[in-house]
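Note sheet for the following structure.
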Number of protein chains: 2
Amino acid sequence: MRRTKEDAAKTREEVLAAAAEIFYENGVSGSSLEKIAQRAGVTRGAIYWHFKDKAEVLTALHSEIRLPQEAMVDYAIEHGHDDPLGLIEQGTIEVLQILVDDEHQQRVFAIMILGCEFTEHLSDAAQRIITANAEMFGKLQKLIEMADEQSSLAPLWTADSAARAIQCSMNGLLAEWLRSGKSFPLVDIGERLIRSLIRSMRDNEER
Amino acid sequence: MRRTKEDAAKTREEVLAAAAEIFYENGVSGSSLEKIAQRAGVTRGAIYWHFKDKAEVLTALHSEIRLPQEAMVDYAIEHGHDDPLGLIEQGTIEVLQILVDDEHQQRVFAIMILGCEFTEHLSDAAQRIITANAEMFGKLQKLIEMADEQSSLAPLWTADSAARAIQCSMNGLLAEWLRSGKSFPLVDIGERLIRSLIRSMRDNEER
DNA sequence: ATATTTACAATCATTCATGTATGTTTGTAT
DNA sequence: ATACAAACATACATGAATGATTGTAAATAT
(Lines give C-alpha, C1' and ligand atoms only; values in the text may rest on other atoms or scores of the structure.)
Protein backbone atom coordinates (compact mmCIF):
# COMPACT_ATOMS: atom_id res chain seq x y z
CA MET A 1 0.00 0.00 0.00
CA ARG A 2 1.26 3.41 -0.93
CA ARG A 3 1.12 6.38 1.35
CA THR A 4 3.73 9.02 0.58
CA LYS A 5 2.90 12.14 -1.38
CA GLU A 6 5.06 11.03 -4.27
CA ASP A 7 3.30 7.69 -4.42
CA ALA A 8 -0.07 9.41 -4.41
CA ALA A 9 1.01 11.67 -7.24
CA LYS A 10 2.21 8.60 -9.08
CA THR A 11 -1.12 6.80 -8.82
CA ARG A 12 -2.82 10.00 -9.96
CA GLU A 13 -0.67 10.01 -13.06
CA GLU A 14 -1.28 6.31 -13.59
CA VAL A 15 -5.01 6.88 -13.40
CA LEU A 16 -4.76 9.66 -15.97
CA ALA A 17 -2.63 7.54 -18.29
CA ALA A 18 -5.06 4.64 -17.96
CA ALA A 19 -7.98 6.98 -18.58
CA ALA A 20 -6.39 8.25 -21.78
CA GLU A 21 -5.99 4.69 -23.03
CA ILE A 22 -9.47 3.54 -22.04
CA PHE A 23 -11.12 6.71 -23.37
CA TYR A 24 -9.21 6.30 -26.62
CA GLU A 25 -10.24 2.66 -26.97
CA ASN A 26 -13.87 2.79 -25.84
CA GLY A 27 -14.83 6.45 -26.08
CA VAL A 28 -15.52 8.66 -23.10
CA SER A 29 -19.14 7.61 -22.56
CA GLY A 30 -18.28 3.99 -23.20
CA SER A 31 -15.63 3.94 -20.49
CA SER A 32 -16.55 3.13 -16.90
CA LEU A 33 -14.44 4.24 -14.00
CA GLU A 34 -14.19 0.59 -13.08
CA LYS A 35 -12.35 -0.20 -16.32
CA ILE A 36 -10.03 2.74 -15.83
CA ALA A 37 -9.32 1.63 -12.29
CA GLN A 38 -8.52 -1.90 -13.42
CA ARG A 39 -6.17 -0.63 -16.10
CA ALA A 40 -4.44 1.58 -13.57
CA GLY A 41 -4.21 -1.26 -11.07
CA VAL A 42 -6.35 0.43 -8.41
CA THR A 43 -10.00 0.48 -7.36
CA ARG A 44 -12.62 3.09 -8.10
CA GLY A 45 -12.09 4.43 -4.60
CA ALA A 46 -8.68 5.71 -5.62
CA ILE A 47 -10.12 7.54 -8.60
CA TYR A 48 -12.85 9.11 -6.50
CA TRP A 49 -10.21 10.25 -4.06
CA HIS A 50 -8.28 12.18 -6.69
CA PHE A 51 -11.19 13.28 -8.89
CA LYS A 52 -14.79 14.24 -8.27
CA ASP A 53 -16.19 12.25 -11.17
CA LYS A 54 -15.52 11.14 -14.75
CA ALA A 55 -15.87 14.66 -16.09
CA GLU A 56 -13.10 15.87 -13.80
CA VAL A 57 -10.82 13.12 -15.06
CA LEU A 58 -11.49 14.32 -18.58
CA THR A 59 -10.80 17.97 -17.79
CA ALA A 60 -7.63 16.94 -15.98
CA LEU A 61 -6.50 15.15 -19.13
CA HIS A 62 -7.34 18.20 -21.16
CA SER A 63 -5.59 20.71 -18.92
CA GLU A 64 -2.55 18.44 -18.96
CA ILE A 65 -2.08 19.14 -22.65
CA ARG A 66 -0.27 22.35 -23.39
CA LEU A 67 -0.66 23.32 -27.03
CA PRO A 68 2.86 23.96 -28.26
CA GLN A 69 1.39 26.24 -30.87
CA GLU A 70 0.23 28.65 -28.18
CA ALA A 71 3.69 29.20 -26.79
CA MET A 72 4.99 29.76 -30.29
CA VAL A 73 2.22 32.18 -31.21
CA ASP A 74 2.61 34.11 -27.96
CA TYR A 75 6.33 34.44 -28.57
CA ALA A 76 5.71 35.76 -32.07
CA ILE A 77 3.17 38.32 -30.87
CA GLU A 78 5.49 39.62 -28.15
CA HIS A 79 8.60 39.85 -30.26
CA GLY A 80 6.94 41.16 -33.41
CA HIS A 81 8.59 38.82 -35.82
CA ASP A 82 9.36 40.44 -39.16
CA ASP A 83 7.74 37.57 -41.07
CA PRO A 84 4.62 36.39 -39.18
CA LEU A 85 3.39 34.17 -41.99
CA GLY A 86 6.75 32.44 -42.24
CA LEU A 87 6.71 31.95 -38.50
CA ILE A 88 3.30 30.32 -38.63
CA GLU A 89 4.47 28.02 -41.37
CA GLN A 90 7.63 26.99 -39.57
CA GLY A 91 5.93 26.68 -36.19
CA THR A 92 3.18 24.49 -37.55
CA ILE A 93 5.62 22.03 -39.02
CA GLU A 94 7.57 21.85 -35.77
CA VAL A 95 4.39 21.23 -33.82
CA LEU A 96 3.46 18.35 -36.09
CA GLN A 97 6.90 16.80 -35.72
CA ILE A 98 6.67 16.93 -31.94
CA LEU A 99 3.19 15.41 -31.95
CA VAL A 100 4.22 12.46 -34.09
CA ASP A 101 6.48 11.17 -31.33
CA ASP A 102 4.11 11.65 -28.38
CA GLU A 103 1.58 8.84 -28.12
CA HIS A 104 -0.08 10.21 -25.00
CA GLN A 105 -0.68 13.59 -26.60
CA GLN A 106 -2.10 11.85 -29.64
CA ARG A 107 -4.65 9.99 -27.53
CA VAL A 108 -5.73 13.09 -25.66
CA PHE A 109 -6.04 15.03 -28.89
CA ALA A 110 -8.06 12.22 -30.40
CA ILE A 111 -10.38 12.23 -27.40
CA MET A 112 -10.77 15.99 -27.62
CA ILE A 113 -11.13 16.36 -31.36
CA LEU A 114 -12.96 13.22 -32.37
CA GLY A 115 -14.92 12.64 -29.20
CA CYS A 116 -14.10 8.99 -29.78
CA GLU A 117 -17.52 7.43 -29.53
CA PHE A 118 -16.26 4.23 -31.07
CA THR A 119 -17.96 1.89 -28.64
CA GLU A 120 -18.21 -1.80 -29.42
CA HIS A 121 -21.93 -1.57 -29.97
CA LEU A 122 -21.51 1.26 -32.44
CA SER A 123 -18.51 -0.21 -34.17
CA ASP A 124 -20.39 -0.95 -37.40
CA ALA A 125 -21.46 2.67 -37.65
CA ALA A 126 -17.89 3.78 -37.04
CA GLN A 127 -16.72 1.28 -39.62
CA ARG A 128 -19.09 2.69 -42.21
CA ILE A 129 -17.74 6.16 -41.60
CA ILE A 130 -14.20 4.96 -42.06
CA THR A 131 -14.90 3.01 -45.25
CA ALA A 132 -16.98 5.84 -46.69
CA ASN A 133 -14.10 8.20 -46.09
CA ALA A 134 -11.67 5.74 -47.66
CA GLU A 135 -13.83 5.44 -50.77
CA MET A 136 -14.07 9.20 -51.08
CA PHE A 137 -10.30 9.40 -50.82
CA GLY A 138 -9.80 6.76 -53.50
CA LYS A 139 -12.05 8.54 -55.95
CA LEU A 140 -10.39 11.88 -55.26
CA GLN A 141 -7.05 10.27 -55.87
CA LYS A 142 -8.19 8.86 -59.22
CA LEU A 143 -9.44 12.26 -60.29
CA ILE A 144 -6.16 13.90 -59.43
CA GLU A 145 -4.24 11.16 -61.20
CA MET A 146 -6.13 12.13 -64.33
CA ALA A 147 -4.96 15.69 -63.85
CA ASP A 148 -1.43 14.41 -63.38
CA GLU A 149 -1.54 12.50 -66.67
CA GLN A 150 -2.52 15.71 -68.38
CA SER A 151 0.63 17.15 -66.78
CA SER A 152 -1.35 19.75 -64.94
CA LEU A 153 -0.25 18.76 -61.45
CA ALA A 154 2.47 20.86 -59.85
CA PRO A 155 5.68 18.98 -58.98
CA LEU A 156 5.20 19.72 -55.28
CA TRP A 157 2.23 17.39 -55.21
CA THR A 158 1.56 13.75 -55.86
CA ALA A 159 -1.93 12.43 -56.51
CA ASP A 160 -1.89 10.78 -53.11
CA SER A 161 -0.76 13.78 -51.10
CA ALA A 162 -3.04 16.15 -52.99
CA ALA A 163 -6.09 13.98 -52.38
CA ARG A 164 -5.19 13.72 -48.72
CA ALA A 165 -4.74 17.46 -48.39
CA ILE A 166 -8.12 18.17 -49.96
CA GLN A 167 -9.83 15.59 -47.79
CA CYS A 168 -8.24 16.94 -44.62
CA SER A 169 -9.02 20.57 -45.27
CA MET A 170 -12.59 19.83 -46.31
CA ASN A 171 -13.38 17.74 -43.27
CA GLY A 172 -11.59 20.22 -41.03
CA LEU A 173 -13.65 23.00 -42.53
CA LEU A 174 -16.90 21.18 -41.85
CA ALA A 175 -15.88 20.11 -38.37
CA GLU A 176 -14.82 23.59 -37.28
CA TRP A 177 -17.92 25.15 -38.75
CA LEU A 178 -20.22 22.75 -36.96
CA ARG A 179 -18.28 22.84 -33.69
CA SER A 180 -18.16 26.63 -33.62
CA GLY A 181 -21.93 26.81 -33.96
CA LYS A 182 -21.70 28.05 -37.56
CA SER A 183 -19.95 31.19 -36.39
CA PHE A 184 -18.28 31.93 -39.70
CA PRO A 185 -19.37 31.96 -43.37
CA LEU A 186 -18.73 28.41 -44.50
CA VAL A 187 -18.93 28.96 -48.23
CA ASP A 188 -16.79 32.06 -48.12
CA ILE A 189 -13.93 30.50 -46.17
CA GLY A 190 -14.26 27.21 -48.00
CA GLU A 191 -14.04 28.90 -51.36
CA ARG A 192 -10.83 30.73 -50.52
CA LEU A 193 -9.31 27.64 -48.96
CA ILE A 194 -10.07 25.22 -51.79
CA ARG A 195 -9.18 27.84 -54.39
CA SER A 196 -5.75 28.41 -52.88
CA LEU A 197 -5.13 24.70 -52.64
CA ILE A 198 -6.17 23.96 -56.21
CA ARG A 199 -4.10 26.86 -57.52
CA SER A 200 -1.00 25.51 -55.82
CA MET A 201 -1.71 22.11 -57.33
CA ARG A 202 -1.78 23.39 -60.88
CA ASP A 203 1.48 23.55 -62.78
CA ASN A 204 2.56 27.12 -62.29
CA GLU A 205 2.69 28.44 -65.87
CA GLU A 206 -0.01 26.09 -67.11
CA ARG A 207 -2.90 28.53 -67.26
CA MET B 1 -53.53 5.25 -33.73
CA ARG B 2 -51.85 4.73 -37.09
CA ARG B 3 -51.97 1.54 -39.05
CA THR B 4 -51.45 2.10 -42.76
CA LYS B 5 -48.10 1.59 -44.43
CA GLU B 6 -47.75 5.29 -45.13
CA ASP B 7 -48.39 6.15 -41.50
CA ALA B 8 -45.79 3.64 -40.39
CA ALA B 9 -43.24 5.10 -42.79
CA LYS B 10 -44.08 8.52 -41.43
CA THR B 11 -43.42 7.57 -37.82
CA ARG B 12 -40.17 5.95 -38.93
CA GLU B 13 -39.09 9.24 -40.45
CA GLU B 14 -40.23 11.13 -37.36
CA VAL B 15 -38.18 8.83 -35.17
CA LEU B 16 -35.11 9.43 -37.35
CA ALA B 17 -35.60 13.19 -37.29
CA ALA B 18 -36.03 13.13 -33.52
CA ALA B 19 -32.96 10.94 -33.16
CA ALA B 20 -30.87 13.39 -35.18
CA GLU B 21 -31.94 16.22 -32.90
CA ILE B 22 -31.43 14.32 -29.65
CA PHE B 23 -28.10 12.88 -30.77
CA TYR B 24 -26.99 16.35 -31.80
CA GLU B 25 -28.01 17.85 -28.48
CA ASN B 26 -26.89 15.15 -26.04
CA GLY B 27 -24.42 13.06 -27.99
CA VAL B 28 -25.09 9.49 -29.11
CA SER B 29 -24.15 7.79 -25.86
CA GLY B 30 -25.92 10.45 -23.84
CA SER B 31 -29.21 9.90 -25.65
CA SER B 32 -31.68 7.29 -24.43
CA LEU B 33 -34.25 5.77 -26.72
CA GLU B 34 -36.84 7.04 -24.26
CA LYS B 35 -35.86 10.65 -24.96
CA ILE B 36 -35.94 10.04 -28.70
CA ALA B 37 -39.36 8.43 -28.40
CA GLN B 38 -40.71 11.38 -26.42
CA ARG B 39 -39.39 13.87 -28.97
CA ALA B 40 -40.97 11.84 -31.76
CA GLY B 41 -44.24 11.58 -29.87
CA VAL B 42 -44.20 7.78 -29.61
CA THR B 43 -43.06 5.17 -27.09
CA ARG B 44 -39.93 3.08 -27.14
CA GLY B 45 -42.01 0.22 -28.48
CA ALA B 46 -42.39 2.03 -31.76
CA ILE B 47 -38.65 2.51 -32.10
CA TYR B 48 -37.99 -1.14 -31.32
CA TRP B 49 -40.50 -2.09 -34.00
CA HIS B 50 -38.65 -0.20 -36.70
CA PHE B 51 -35.08 -0.66 -35.47
CA LYS B 52 -33.19 -3.37 -33.67
CA ASP B 53 -31.42 -1.04 -31.24
CA LYS B 54 -29.78 2.36 -30.92
CA ALA B 55 -26.92 1.41 -33.21
CA GLU B 56 -29.34 0.60 -36.01
CA VAL B 57 -30.98 4.00 -35.61
CA LEU B 58 -27.56 5.56 -35.99
CA THR B 59 -26.66 3.57 -39.10
CA ALA B 60 -30.06 4.40 -40.58
CA LEU B 61 -29.28 8.09 -40.08
CA HIS B 62 -25.91 7.60 -41.65
CA SER B 63 -27.13 5.68 -44.70
CA GLU B 64 -29.77 8.34 -45.19
CA ILE B 65 -27.07 10.86 -45.98
CA ARG B 66 -25.85 10.72 -49.53
CA LEU B 67 -22.62 12.60 -49.89
CA PRO B 68 -23.21 14.97 -52.81
CA GLN B 69 -19.48 14.95 -53.39
CA GLU B 70 -19.60 11.30 -54.32
CA ALA B 71 -22.06 11.77 -57.13
CA MET B 72 -19.97 14.63 -58.43
CA VAL B 73 -16.73 12.70 -58.25
CA ASP B 74 -18.27 9.65 -59.91
CA TYR B 75 -19.58 11.81 -62.70
CA ALA B 76 -16.16 13.32 -63.24
CA ILE B 77 -14.44 9.94 -63.34
CA GLU B 78 -16.91 8.56 -65.88
CA HIS B 79 -16.91 11.55 -68.18
CA GLY B 80 -13.22 12.27 -68.01
CA HIS B 81 -13.50 15.95 -67.53
CA ASP B 82 -10.73 17.92 -69.23
CA ASP B 83 -10.01 19.87 -66.04
CA PRO B 84 -10.31 17.55 -63.03
CA LEU B 85 -8.83 20.04 -60.57
CA GLY B 86 -11.24 22.72 -61.66
CA LEU B 87 -14.08 20.26 -61.28
CA ILE B 88 -13.06 19.45 -57.73
CA GLU B 89 -12.87 23.14 -56.91
CA GLN B 90 -16.28 23.93 -58.37
CA GLY B 91 -17.92 20.83 -56.97
CA THR B 92 -16.66 21.49 -53.48
CA ILE B 93 -18.10 24.98 -53.43
CA GLU B 94 -21.46 23.71 -54.64
CA VAL B 95 -21.51 21.03 -51.97
CA LEU B 96 -20.88 23.61 -49.28
CA GLN B 97 -23.67 25.82 -50.57
CA ILE B 98 -26.14 22.95 -50.49
CA LEU B 99 -25.10 21.95 -46.98
CA VAL B 100 -25.60 25.45 -45.57
CA ASP B 101 -29.34 25.23 -46.23
CA ASP B 102 -29.96 21.71 -44.91
CA GLU B 103 -30.23 21.62 -41.13
CA HIS B 104 -30.88 17.90 -40.94
CA GLN B 105 -27.78 17.08 -42.96
CA GLN B 106 -25.78 19.38 -40.74
CA ARG B 107 -26.88 17.52 -37.63
CA VAL B 108 -26.10 14.13 -39.10
CA PHE B 109 -22.70 15.31 -40.27
CA ALA B 110 -22.01 16.75 -36.84
CA ILE B 111 -22.91 13.44 -35.24
CA MET B 112 -20.69 11.56 -37.66
CA ILE B 113 -17.70 13.87 -37.68
CA LEU B 114 -17.61 15.24 -34.16
CA GLY B 115 -19.14 12.29 -32.37
CA CYS B 116 -20.96 14.94 -30.34
CA GLU B 117 -20.16 13.85 -26.84
CA PHE B 118 -21.34 17.13 -25.46
CA THR B 119 -23.36 15.71 -22.60
CA GLU B 120 -24.52 17.98 -19.83
CA HIS B 121 -22.13 16.40 -17.36
CA LEU B 122 -19.19 16.96 -19.67
CA SER B 123 -20.24 20.43 -20.71
CA ASP B 124 -17.37 22.12 -18.88
CA ALA B 125 -14.86 19.99 -20.74
CA ALA B 126 -16.54 20.81 -24.03
CA GLN B 127 -16.56 24.47 -23.05
CA ARG B 128 -12.85 24.41 -22.38
CA ILE B 129 -12.21 22.97 -25.83
CA ILE B 130 -14.31 25.66 -27.44
CA THR B 131 -12.69 28.53 -25.53
CA ALA B 132 -9.21 27.16 -26.11
CA ASN B 133 -9.93 27.01 -29.82
CA ALA B 134 -11.29 30.53 -29.76
CA GLU B 135 -8.17 31.83 -28.03
CA MET B 136 -5.94 30.09 -30.56
CA PHE B 137 -7.96 31.69 -33.33
CA GLY B 138 -7.67 35.14 -31.80
CA LYS B 139 -3.91 34.90 -31.52
CA LEU B 140 -3.59 33.59 -35.05
CA GLN B 141 -5.69 36.49 -36.25
CA LYS B 142 -3.46 39.01 -34.46
CA LEU B 143 -0.37 37.48 -36.00
CA ILE B 144 -1.83 37.69 -39.47
CA GLU B 145 -2.95 41.26 -38.88
CA MET B 146 0.69 42.06 -38.26
CA ALA B 147 1.52 40.55 -41.61
CA ASP B 148 -1.24 42.63 -43.15
CA GLU B 149 0.17 45.85 -41.71
CA GLN B 150 3.46 45.00 -43.32
CA SER B 151 1.43 44.74 -46.55
CA SER B 152 2.47 41.15 -47.02
CA LEU B 153 -1.05 39.68 -47.05
CA ALA B 154 -2.52 38.86 -50.46
CA PRO B 155 -5.72 40.77 -51.35
CA LEU B 156 -7.68 37.52 -51.56
CA TRP B 157 -7.37 37.14 -47.79
CA THR B 158 -8.40 39.06 -44.73
CA ALA B 159 -6.80 38.41 -41.36
CA ASP B 160 -10.01 36.82 -40.19
CA SER B 161 -10.49 34.47 -43.12
CA ALA B 162 -6.83 33.52 -43.22
CA ALA B 163 -6.76 32.63 -39.54
CA ARG B 164 -9.92 30.59 -39.97
CA ALA B 165 -8.51 28.74 -42.97
CA ILE B 166 -5.33 27.83 -41.13
CA GLN B 167 -7.26 26.69 -38.07
CA CYS B 168 -9.61 24.55 -40.14
CA SER B 169 -6.94 22.85 -42.19
CA MET B 170 -4.76 22.19 -39.17
CA ASN B 171 -7.53 20.63 -37.12
CA GLY B 172 -8.75 18.71 -40.14
CA LEU B 173 -5.28 17.39 -40.70
CA LEU B 174 -4.98 16.18 -37.12
CA ALA B 175 -8.48 14.72 -37.06
CA GLU B 176 -8.04 12.76 -40.28
CA TRP B 177 -4.63 11.51 -39.26
CA LEU B 178 -5.90 10.26 -35.91
CA ARG B 179 -9.13 8.84 -37.31
CA SER B 180 -7.36 6.98 -40.11
CA GLY B 181 -5.08 5.28 -37.60
CA LYS B 182 -2.08 7.36 -38.66
CA SER B 183 -2.22 5.87 -42.13
CA PHE B 184 -0.39 8.72 -43.83
CA PRO B 185 2.74 10.78 -43.10
CA LEU B 186 1.40 13.65 -41.02
CA VAL B 187 4.39 15.97 -41.27
CA ASP B 188 4.76 15.42 -45.01
CA ILE B 189 1.15 16.21 -45.87
CA GLY B 190 0.95 18.96 -43.29
CA GLU B 191 4.04 20.66 -44.66
CA ARG B 192 2.70 20.75 -48.22
CA LEU B 193 -0.70 21.92 -47.07
CA ILE B 194 0.46 24.75 -44.81
CA ARG B 195 3.14 25.76 -47.32
CA SER B 196 0.58 26.11 -50.11
CA LEU B 197 -1.74 28.07 -47.88
CA ILE B 198 0.93 30.46 -46.65
CA ARG B 199 2.22 31.01 -50.15
CA SER B 200 -1.23 32.01 -51.37
CA MET B 201 -1.50 34.40 -48.42
CA ARG B 202 1.65 36.27 -49.29
CA ASP B 203 1.38 39.19 -51.67
CA ASN B 204 2.31 37.65 -54.99
CA GLU B 205 5.35 39.70 -56.05
CA GLU B 206 6.45 40.45 -52.50
CA ARG B 207 9.19 37.87 -52.16
C1' DA C 1 4.28 7.72 21.52
C1' DT C 2 0.01 9.05 20.23
C1' DA C 3 -3.31 11.40 17.38
C1' DT C 4 -4.72 12.58 13.21
C1' DT C 5 -4.91 12.72 8.52
C1' DT C 6 -3.83 10.67 4.06
C1' DA C 7 -4.74 7.48 0.54
C1' DC C 8 -6.88 4.35 -0.70
C1' DA C 9 -10.12 -0.56 -0.66
C1' DA C 10 -14.54 -2.69 -0.05
C1' DT C 11 -19.37 -2.62 0.29
C1' DC C 12 -23.98 -0.94 -0.58
C1' DA C 13 -28.07 1.36 -2.32
C1' DT C 14 -29.90 3.82 -6.12
C1' DT C 15 -30.64 5.09 -10.62
C1' DC C 16 -31.24 4.41 -15.33
C1' DA C 17 -31.18 2.52 -19.86
C1' DT C 18 -31.88 -1.53 -22.10
C1' DG C 19 -34.15 -5.59 -23.97
C1' DT C 20 -37.99 -8.50 -23.93
C1' DA C 21 -42.47 -10.05 -23.35
C1' DT C 22 -47.07 -9.29 -23.58
C1' DG C 23 -51.28 -6.62 -24.45
C1' DT C 24 -54.17 -3.89 -27.64
C1' DT C 25 -55.92 -1.73 -31.53
C1' DT C 26 -56.62 -1.38 -36.23
C1' DG C 27 -55.85 -2.46 -41.24
C1' DT C 28 -56.36 -6.11 -44.59
C1' DA C 29 -57.12 -10.40 -46.79
C1' DT C 30 -60.56 -14.05 -47.56
C1' DA D 1 -67.91 -11.61 -40.97
C1' DT D 2 -63.82 -13.57 -39.44
C1' DA D 3 -58.95 -14.40 -39.02
C1' DC D 4 -54.57 -12.78 -39.05
C1' DA D 5 -50.88 -9.73 -39.07
C1' DA D 6 -49.12 -5.05 -38.75
C1' DA D 7 -48.02 -1.25 -35.71
C1' DC D 8 -47.56 0.09 -31.97
C1' DA D 9 -48.21 0.79 -26.20
C1' DT D 10 -47.45 -1.05 -21.63
C1' DA D 11 -45.16 -3.55 -18.15
C1' DC D 12 -41.38 -5.94 -16.30
C1' DA D 13 -36.84 -7.94 -15.51
C1' DT D 14 -32.03 -7.36 -15.87
C1' DG D 15 -27.55 -5.43 -15.58
C1' DA D 16 -24.39 -1.97 -15.32
C1' DA D 17 -22.54 2.29 -13.69
C1' DT D 18 -22.71 5.64 -10.32
C1' DG D 19 -22.19 7.97 -5.89
C1' DA D 20 -21.95 7.44 -1.05
C1' DT D 21 -20.58 5.27 2.99
C1' DT D 22 -17.61 2.83 5.73
C1' DG D 23 -13.32 0.46 6.85
C1' DT D 24 -8.28 0.56 7.34
C1' DA D 25 -3.33 0.64 7.08
C1' DA D 26 0.34 3.58 6.79
C1' DA D 27 2.37 8.30 6.82
C1' DT D 28 2.90 12.45 9.20
C1' DA D 29 2.34 15.87 12.73
C1' DT D 30 2.77 16.89 17.61
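In the C-alpha coordinates, each chain is lettered A, B, ... as it comes, each chain's residues begin at 1, and ligands are numbered from 1 in order of appearance.
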_Set the distance at 12 Å and use only C-alpha atoms (C1' of nucleotides): which residues neighbour DC4 in chain D once local chain neighbours fewer than 5 positions away are removed? I'd like the list as a list in words._
DT26, DG27, DT28, DA29 and DT30 of chain C
Could you please take those selected residues and save N, CA, C and O atoms (P, O5', C5', C4', C3', O3' and C1' of nucleotides) as a PDB file, in the first residue's frame?
ATOM      1  P    DT C  26     -59.032   1.365 -32.478  1.00  0.00           P
ATOM      2  O5'  DT C  26     -58.603   1.051 -33.974  1.00  0.00           O
ATOM      3  C5'  DT C  26     -57.453   1.679 -34.522  1.00  0.00           C
ATOM      4  C4'  DT C  26     -56.849   0.819 -35.615  1.00  0.00           C
ATOM      5  C3'  DT C  26     -57.718   0.632 -36.872  1.00  0.00           C
ATOM      6  O3'  DT C  26     -57.068   1.230 -37.964  1.00  0.00           O
ATOM      7  C1'  DT C  26     -56.624  -1.377 -36.233  1.00  0.00           C
ATOM      8  P    DG C  27     -57.853   1.679 -39.246  1.00  0.00           P
ATOM      9  O5'  DG C  27     -57.221   0.765 -40.404  1.00  0.00           O
ATOM     10  C5'  DG C  27     -56.045   1.092 -41.024  1.00  0.00           C
ATOM     11  C4'  DG C  27     -55.365  -0.189 -41.516  1.00  0.00           C
ATOM     12  C3'  DG C  27     -55.889  -0.714 -42.861  1.00  0.00           C
ATOM     13  O3'  DG C  27     -54.792  -0.918 -43.721  1.00  0.00           O
ATOM     14  C1'  DG C  27     -55.849  -2.463 -41.235  1.00  0.00           C
ATOM     15  P    DT C  28     -55.030  -0.970 -45.273  1.00  0.00           P
ATOM     16  O5'  DT C  28     -55.111  -2.542 -45.530  1.00  0.00           O
ATOM     17  C5'  DT C  28     -54.124  -3.394 -44.956  1.00  0.00           C
ATOM     18  C4'  DT C  28     -54.481  -4.850 -45.156  1.00  0.00           C
ATOM     19  C3'  DT C  28     -55.282  -5.155 -46.437  1.00  0.00           C
ATOM     20  O3'  DT C  28     -54.729  -6.298 -47.065  1.00  0.00           O
ATOM     21  C1'  DT C  28     -56.356  -6.109 -44.588  1.00  0.00           C
ATOM     22  P    DA C  29     -54.906  -6.480 -48.663  1.00  0.00           P
ATOM     23  O5'  DA C  29     -54.995  -8.063 -48.798  1.00  0.00           O
ATOM     24  C5'  DA C  29     -54.173  -8.888 -47.988  1.00  0.00           C
ATOM     25  C4'  DA C  29     -54.937 -10.119 -47.532  1.00  0.00           C
ATOM     26  C3'  DA C  29     -55.734 -10.826 -48.640  1.00  0.00           C
ATOM     27  O3'  DA C  29     -55.469 -12.218 -48.602  1.00  0.00           O
ATOM     28  C1'  DA C  29     -57.123 -10.402 -46.792  1.00  0.00           C
ATOM     29  P    DT C  30     -55.827 -13.165 -49.798  1.00  0.00           P
ATOM     30  O5'  DT C  30     -57.119 -13.911 -49.255  1.00  0.00           O
ATOM     31  C5'  DT C  30     -57.085 -14.529 -47.975  1.00  0.00           C
ATOM     32  C4'  DT C  30     -58.461 -15.046 -47.602  1.00  0.00           C
ATOM     33  C3'  DT C  30     -59.275 -15.593 -48.786  1.00  0.00           C
ATOM     34  O3'  DT C  30     -59.831 -16.855 -48.457  1.00  0.00           O
ATOM     35  C1'  DT C  30     -60.564 -14.047 -47.564  1.00  0.00           C
TER      36       DT C  30
END
*Do you know which residues are at most 8 Å from Leu85 in chain A counting only C-alpha atoms (C1' of nucleotides), after dropping those on the same chain fewer than 6 positions away, and could you put them as a PyMOL selection string?*
chain B and resi 143-144+147+198+202
Just N, CA and C atoms for this one: save the residues we selected as a short mmCIF file (atom, residue, chain, number, x, y, z; two decimals), in the first residue's frame.
data_model
loop_
_atom_site.label_atom_id
_atom_site.label_comp_id
_atom_site.auth_asym_id
_atom_site.auth_seq_id
_atom_site.Cartn_x
_atom_site.Cartn_y
_atom_site.Cartn_z
N LEU B 143 -1.62 37.69 -35.27
CA LEU B 143 -0.37 37.48 -36.00
C LEU B 143 -0.53 37.87 -37.47
N ILE B 144 -1.63 37.44 -38.04
CA ILE B 144 -1.83 37.69 -39.47
C ILE B 144 -2.13 39.16 -39.72
N ALA B 147 1.05 40.76 -40.24
CA ALA B 147 1.52 40.55 -41.61
C ALA B 147 0.82 41.51 -42.55
N ILE B 198 0.15 29.27 -46.97
CA ILE B 198 0.93 30.46 -46.65
C ILE B 198 1.37 31.17 -47.92
N ARG B 202 0.66 35.22 -49.07
CA ARG B 202 1.65 36.27 -49.29
C ARG B 202 1.26 37.09 -50.52
#
*Contact residues (chain C, partner chain B, 12 Å, only C-alpha atoms (C1' of nucleotides)) as a list in words*: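 The selection requested is DC16, DA17, DT18, DG19, DT20, DA21, DT22, DT24, DT25, DT26, DG27 and DT28 of chain C.
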*Return as a count of residues only the residues belonging to chain B that are within 7 Å of chain A, counting only C-alpha atoms.*
49
*Could you write out as a PyMOL selection string the residues of chain D within 8 Å of chain A, counting only C-alpha atoms (C1' of nucleotides)?*
chain D and resi 17+25-27
*Taking the backbone alone, and naming residues the way the document does, which bits of range 15-191 of chain B are helix (DSSP H, G or I) by DSSP, as a PyMOL selection string?*
chain B and resi 15-26+33-40+44-50+54-64+68-79+84-100+103-114+123-149+159-179+186-191
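Candidate residues D:DT10, D:DT24, D:DT18, D:DT30 were compared for distance to DC12 in chain C, and the nearest is D:DT18, using only C-alpha atoms (C1' of nucleotides).
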*Skipping near chain neighbours, those fewer than 2 positions away, what residues fall within 10 Å of DA9 in chain C using only C-alpha atoms (C1' of nucleotides), listed as a PyMOL selection string?*
(chain A and resi 42-46) or (chain C and resi 7+11) or (chain D and resi 23-24)
*Atom-to-atom span, CA of Gln105 in chain A and CA of Arg66 in chain A, Å*: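 Answer for the CA of Gln105 in chain A to CA of Arg66 in chain A separation: 9.3 Å.
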*asked:* Could you list, as a list in words, every residue within 8 Å of Ala19 in chain A, counting only C-alpha atoms (C1' of nucleotides) and ignoring same-chain residues fewer than 4 positions away?
replied: Val15, Phe23, Ile36 and Val57 of chain A
Keeping only N, CA, C and O atoms, write the selected residues to a file as a CSV table (one decimal), in the first residue's frame.
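File written: out-v7.csv
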chain,number,residue,atom,x,y,z
A,15,VAL,N,-3.6,6.8,-13.1
A,15,VAL,CA,-5.0,6.9,-13.4
A,15,VAL,C,-5.3,7.7,-14.7
A,15,VAL,O,-6.0,7.3,-15.6
A,23,PHE,N,-10.3,5.8,-22.6
A,23,PHE,CA,-11.1,6.7,-23.4
A,23,PHE,C,-10.8,6.5,-24.9
A,23,PHE,O,-11.8,6.6,-25.7
A,36,ILE,N,-11.2,1.9,-16.0
A,36,ILE,CA,-10.0,2.7,-15.8
A,36,ILE,C,-9.2,2.3,-14.6
A,36,ILE,O,-8.0,2.2,-14.6
A,57,VAL,N,-11.9,13.8,-14.5
A,57,VAL,CA,-10.8,13.1,-15.1
A,57,VAL,C,-10.5,13.6,-16.5
A,57,VAL,O,-9.4,13.9,-16.9
